[in-house]
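Chemist: Data: target_24.txt, compact mmCIF, C-alpha atoms.
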# COMPACT_ATOMS: atom_id res chain seq x y z
CA MET A 1 13.28 41.17 -13.98
CA LEU A 2 12.91 37.75 -15.60
CA GLU A 3 13.62 37.29 -19.27
CA MET A 4 13.19 34.22 -21.42
CA LYS A 5 15.58 33.25 -24.18
CA ALA A 6 15.53 30.09 -26.22
CA LEU A 7 18.73 28.07 -26.12
CA SER A 8 18.64 24.56 -27.53
CA ASN A 9 14.83 24.59 -27.28
CA GLN A 10 15.04 25.08 -23.50
CA PRO A 11 14.08 28.30 -21.74
CA VAL A 12 16.87 29.99 -19.80
CA THR A 13 16.02 32.29 -16.94
CA HIS A 14 18.10 35.41 -16.35
CA VAL A 15 17.75 36.90 -12.91
CA SER A 16 18.25 40.57 -12.18
CA GLN A 17 20.27 41.66 -9.17
CA ALA A 18 17.15 42.69 -7.24
CA GLU A 19 15.40 39.33 -7.59
CA GLY A 20 18.49 37.07 -7.49
CA ARG A 21 17.89 35.22 -4.25
CA PHE A 22 14.12 35.32 -4.14
CA ALA A 23 13.15 34.43 -7.69
CA ALA A 24 11.66 30.99 -8.16
CA PRO A 25 12.43 28.82 -11.18
CA LEU A 26 9.84 29.06 -13.94
CA HIS A 27 9.47 25.31 -14.18
CA PRO A 28 8.14 23.51 -11.09
CA GLY A 29 10.64 20.65 -11.46
CA ALA A 30 13.64 22.90 -12.03
CA GLU A 31 16.35 23.06 -9.39
CA ILE A 32 17.28 26.42 -7.91
CA ASP A 33 20.84 25.80 -9.14
CA THR A 34 19.59 26.01 -12.73
CA MET A 35 19.18 29.76 -12.38
CA ILE A 36 21.68 31.72 -14.45
CA HIS A 37 22.96 34.74 -12.61
CA PRO A 38 23.89 37.92 -14.44
CA THR A 39 27.55 38.15 -15.30
CA LEU A 40 29.44 40.24 -12.78
CA SER A 41 32.79 41.83 -13.41
CA ARG A 42 35.75 40.16 -11.71
CA GLY A 43 36.16 43.20 -9.47
CA ARG A 44 32.52 43.02 -8.34
CA GLN A 45 32.88 39.29 -7.66
CA ILE A 46 35.98 39.91 -5.53
CA LEU A 47 34.18 42.64 -3.58
CA ARG A 48 31.22 40.36 -2.87
CA PHE A 49 33.58 37.55 -1.87
CA MET A 50 35.46 39.83 0.54
CA GLN A 51 32.18 41.16 1.94
CA HIS A 52 30.98 37.62 2.68
CA PHE A 53 34.29 36.76 4.32
CA GLY A 54 34.23 39.92 6.43
CA GLU A 55 30.65 39.33 7.54
CA MET A 56 31.48 35.80 8.65
CA VAL A 57 34.58 36.95 10.53
CA LEU A 58 32.51 39.61 12.33
CA ALA A 59 29.94 36.97 13.32
CA MET A 60 32.77 34.77 14.61
CA LEU A 61 34.21 37.65 16.65
CA LEU A 62 30.78 38.28 18.13
CA GLY A 63 30.54 34.64 19.24
CA MET A 64 34.07 34.74 20.64
CA GLY A 65 33.33 37.95 22.55
CA ILE A 66 30.13 36.57 24.05
CA LEU A 67 31.87 33.39 25.16
CA GLU A 68 34.76 35.34 26.71
CA ALA A 69 32.30 37.58 28.59
CA VAL A 70 30.43 34.54 29.93
CA LEU A 71 33.64 32.78 30.97
CA TYR A 72 34.95 35.92 32.65
CA ALA A 73 31.69 36.58 34.49
CA THR A 74 31.38 33.00 35.72
CA GLY A 75 35.07 32.39 36.39
CA ILE A 76 34.93 29.05 34.58
CA ARG A 77 38.32 27.58 33.71
CA MET A 78 38.75 24.78 31.18
CA ALA A 79 41.55 22.61 29.90
CA PRO A 80 43.13 24.09 26.74
CA GLU A 81 41.64 21.36 24.51
CA VAL A 82 38.14 21.89 25.86
CA SER A 83 38.53 25.65 25.71
CA ALA A 84 39.62 25.53 22.05
CA LEU A 85 36.71 23.27 21.10
CA VAL A 86 34.17 25.39 22.99
CA MET A 87 35.61 28.53 21.36
CA ALA A 88 35.36 26.98 17.88
CA VAL A 89 31.71 26.10 18.48
CA ALA A 90 30.98 29.54 19.97
CA MET A 91 32.44 31.15 16.85
CA THR A 92 30.71 28.75 14.45
CA ILE A 93 27.15 29.20 15.72
CA PRO A 94 26.75 32.94 14.99
CA MET A 95 28.54 32.49 11.67
CA MET A 96 26.06 29.78 10.67
CA VAL A 97 23.13 31.91 11.85
CA TRP A 98 24.37 34.78 9.70
CA MET A 99 24.83 32.47 6.70
CA HIS A 100 21.26 31.21 7.23
CA ILE A 101 19.98 34.80 7.34
CA ARG A 102 21.85 35.41 4.07
CA LYS A 103 19.94 32.40 2.63
CA HIS A 104 22.98 30.15 2.18
CA SER A 105 22.20 26.46 1.80
CA TRP A 106 22.69 23.99 4.62
CA ARG A 107 25.47 22.41 2.55
CA LEU A 108 27.44 25.67 2.63
CA ASN A 109 26.73 26.04 6.34
CA ALA A 110 28.02 22.54 7.02
CA GLU A 111 31.15 23.11 4.94
CA MET A 112 31.92 26.34 6.74
CA ALA A 113 31.30 24.73 10.14
CA GLY A 114 33.74 22.02 9.11
CA ALA A 115 36.30 24.69 8.27
CA MET A 116 36.01 25.86 11.87
CA ILE A 117 35.83 22.56 13.73
CA VAL A 118 38.25 20.37 11.72
CA PRO A 119 41.36 22.53 12.30
CA THR A 120 40.53 22.58 16.01
CA ALA A 121 40.19 18.80 16.16
CA VAL A 122 43.41 18.31 14.19
CA LEU A 123 45.34 20.65 16.48
CA ILE A 124 43.97 18.95 19.60
CA SER A 125 45.29 15.67 18.18
CA VAL A 126 48.66 17.27 17.46
CA CYS A 127 48.80 18.50 21.07
CA ASP A 128 47.88 15.05 22.36
CA LEU A 129 50.82 13.63 20.41
CA GLY A 130 53.10 16.15 22.10
CA LEU A 131 54.02 17.91 18.85
CA LEU A 132 52.57 21.24 19.93
CA PRO A 133 52.44 22.80 23.40
CA ARG A 134 48.92 22.96 24.80
CA THR A 135 49.42 26.64 25.63
CA SER A 136 49.62 27.52 21.92
CA LEU A 137 46.51 25.53 20.94
CA MET A 138 44.12 28.48 20.99
CA LEU A 139 46.43 30.70 18.95
CA PHE A 140 47.04 28.10 16.24
CA THR A 141 43.35 27.20 16.12
CA HIS A 142 42.44 30.80 15.36
CA VAL A 143 45.25 31.13 12.84
CA LEU A 144 44.17 27.99 10.92
CA MET A 145 40.45 28.81 10.88
CA LEU A 146 40.80 31.75 8.50
CA PRO A 147 42.72 29.90 5.74
CA ALA A 148 40.35 26.94 6.13
CA MET A 149 37.37 29.27 5.64
CA LEU A 150 39.03 30.89 2.64
CA ALA A 151 39.74 27.48 1.11
CA VAL A 152 36.09 26.47 1.40
CA MET A 153 34.94 29.80 0.01
CA LEU A 154 37.35 29.64 -2.93
CA TYR A 155 36.18 26.11 -3.68
CA ARG A 156 32.58 27.42 -3.81
CA TRP A 157 33.52 30.71 -5.51
CA SER A 158 30.22 31.23 -7.33
CA ASP A 159 28.20 30.65 -4.17
CA TYR A 160 30.05 33.44 -2.38
CA THR A 161 30.24 35.89 -5.29
CA HIS A 162 26.72 35.65 -6.72
CA HIS A 163 24.74 35.25 -3.52
Show me the file's structure as structure tokens.
Modeler:
Amino acid sequence: MLEMKALSNQPVTHVSQAEGRFAAPLHPGAEIDTMIHPTLSRGRQILRFMQHFGEMVLAMLLGMGILEAVLYATGIRMAPEVSALVMAVAMTIPMMVWMHIRKHSWRLNAEMAGAMIVPTAVLISVCDLGLLPRTSLMLFTHVLMLPAMLAVMLYRWSDYTHH
């Protein structure tokens, strides 16, 4: 339900939970970011945040499982660096699709894709310098992806708790 309240001679739109994502601004020139979401308790925000994180991890696992099934069925073998990069992309694509279904902006999709690809690229460089054995590349890539995702999500807290 939309309500109007005057605040400094400017209308402020309050969006109910049911209309949150789908409600359009009342003024044609208004940005979608000008919508004021209802205040959620800290506990509810944390639950929504954890739900978003869990959904994205499940999407990543789906992508990883599909890639592993394809590689097993075809018998394709790749160098560790190529394998880590292909795995990162295979995990990123379903996560981005899910974020798009959840109506997240392309900016958030790009940031989350960066959280997946950047750690992989950094670790490949570390392996190329001889500071990390190539055999541990895949493990460390997976380990670094989750904190990188959490960092991006924490930085955009309101996008992941009110969406």
Chemist: Just give me the gap between atom CA of A:Ile46 and atom CA of A:Val152 in Å, one decimal is fine.
Modeler: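 Interatomic distance, atom CA of A:Ile46 to atom CA of A:Val152: 15.1 Å.
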Chemist: Have a look at atom CA of A:Val86 and atom CA of A:Leu67 and let me know their distance in Å, one decimal.
Modeler: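 One can read the atom CA of A:Val86 to atom CA of A:Leu67 distance as 8.6 Å.
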Chemist: What is the distance between atom CA of A:Lys103 and atom CA of A:Pro147, in Å to one decimal?
Modeler: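 Atom-to-atom, atom CA of A:Lys103 to atom CA of A:Pro147, that is 23.1 Å.
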Chemist: With all atoms listed in the file counted, which protein, DNA or RNA residues have an atom no more than 12 Å from (28.9, 29.4, 15.7) in the file frame? Please answer as a ChimeraX atom specification.
Modeler: /A:56-67,85-100,109-110,112-117
Chemist: Skipping near chain neighbours, those fewer than 5 positions away, what residues fall within 10 Å of A:Leu144 using all atoms listed in the file, listed as number ranges by chain?
Modeler: A: 115-116, 118-120, 123, 139, 149
Chemist: Pick from A:Glu111, A:Ala121, A:Leu129, A:Met138: nearest to A:Arg156, with only C-alpha atoms counted?
Modeler: A:Glu111
Chemist: Quick one: of A:Arg102, A:Met153, A:His142, A:Glu81, who's nearest to A:Cys127, counting only C-alpha atoms?
Modeler: A:Glu81
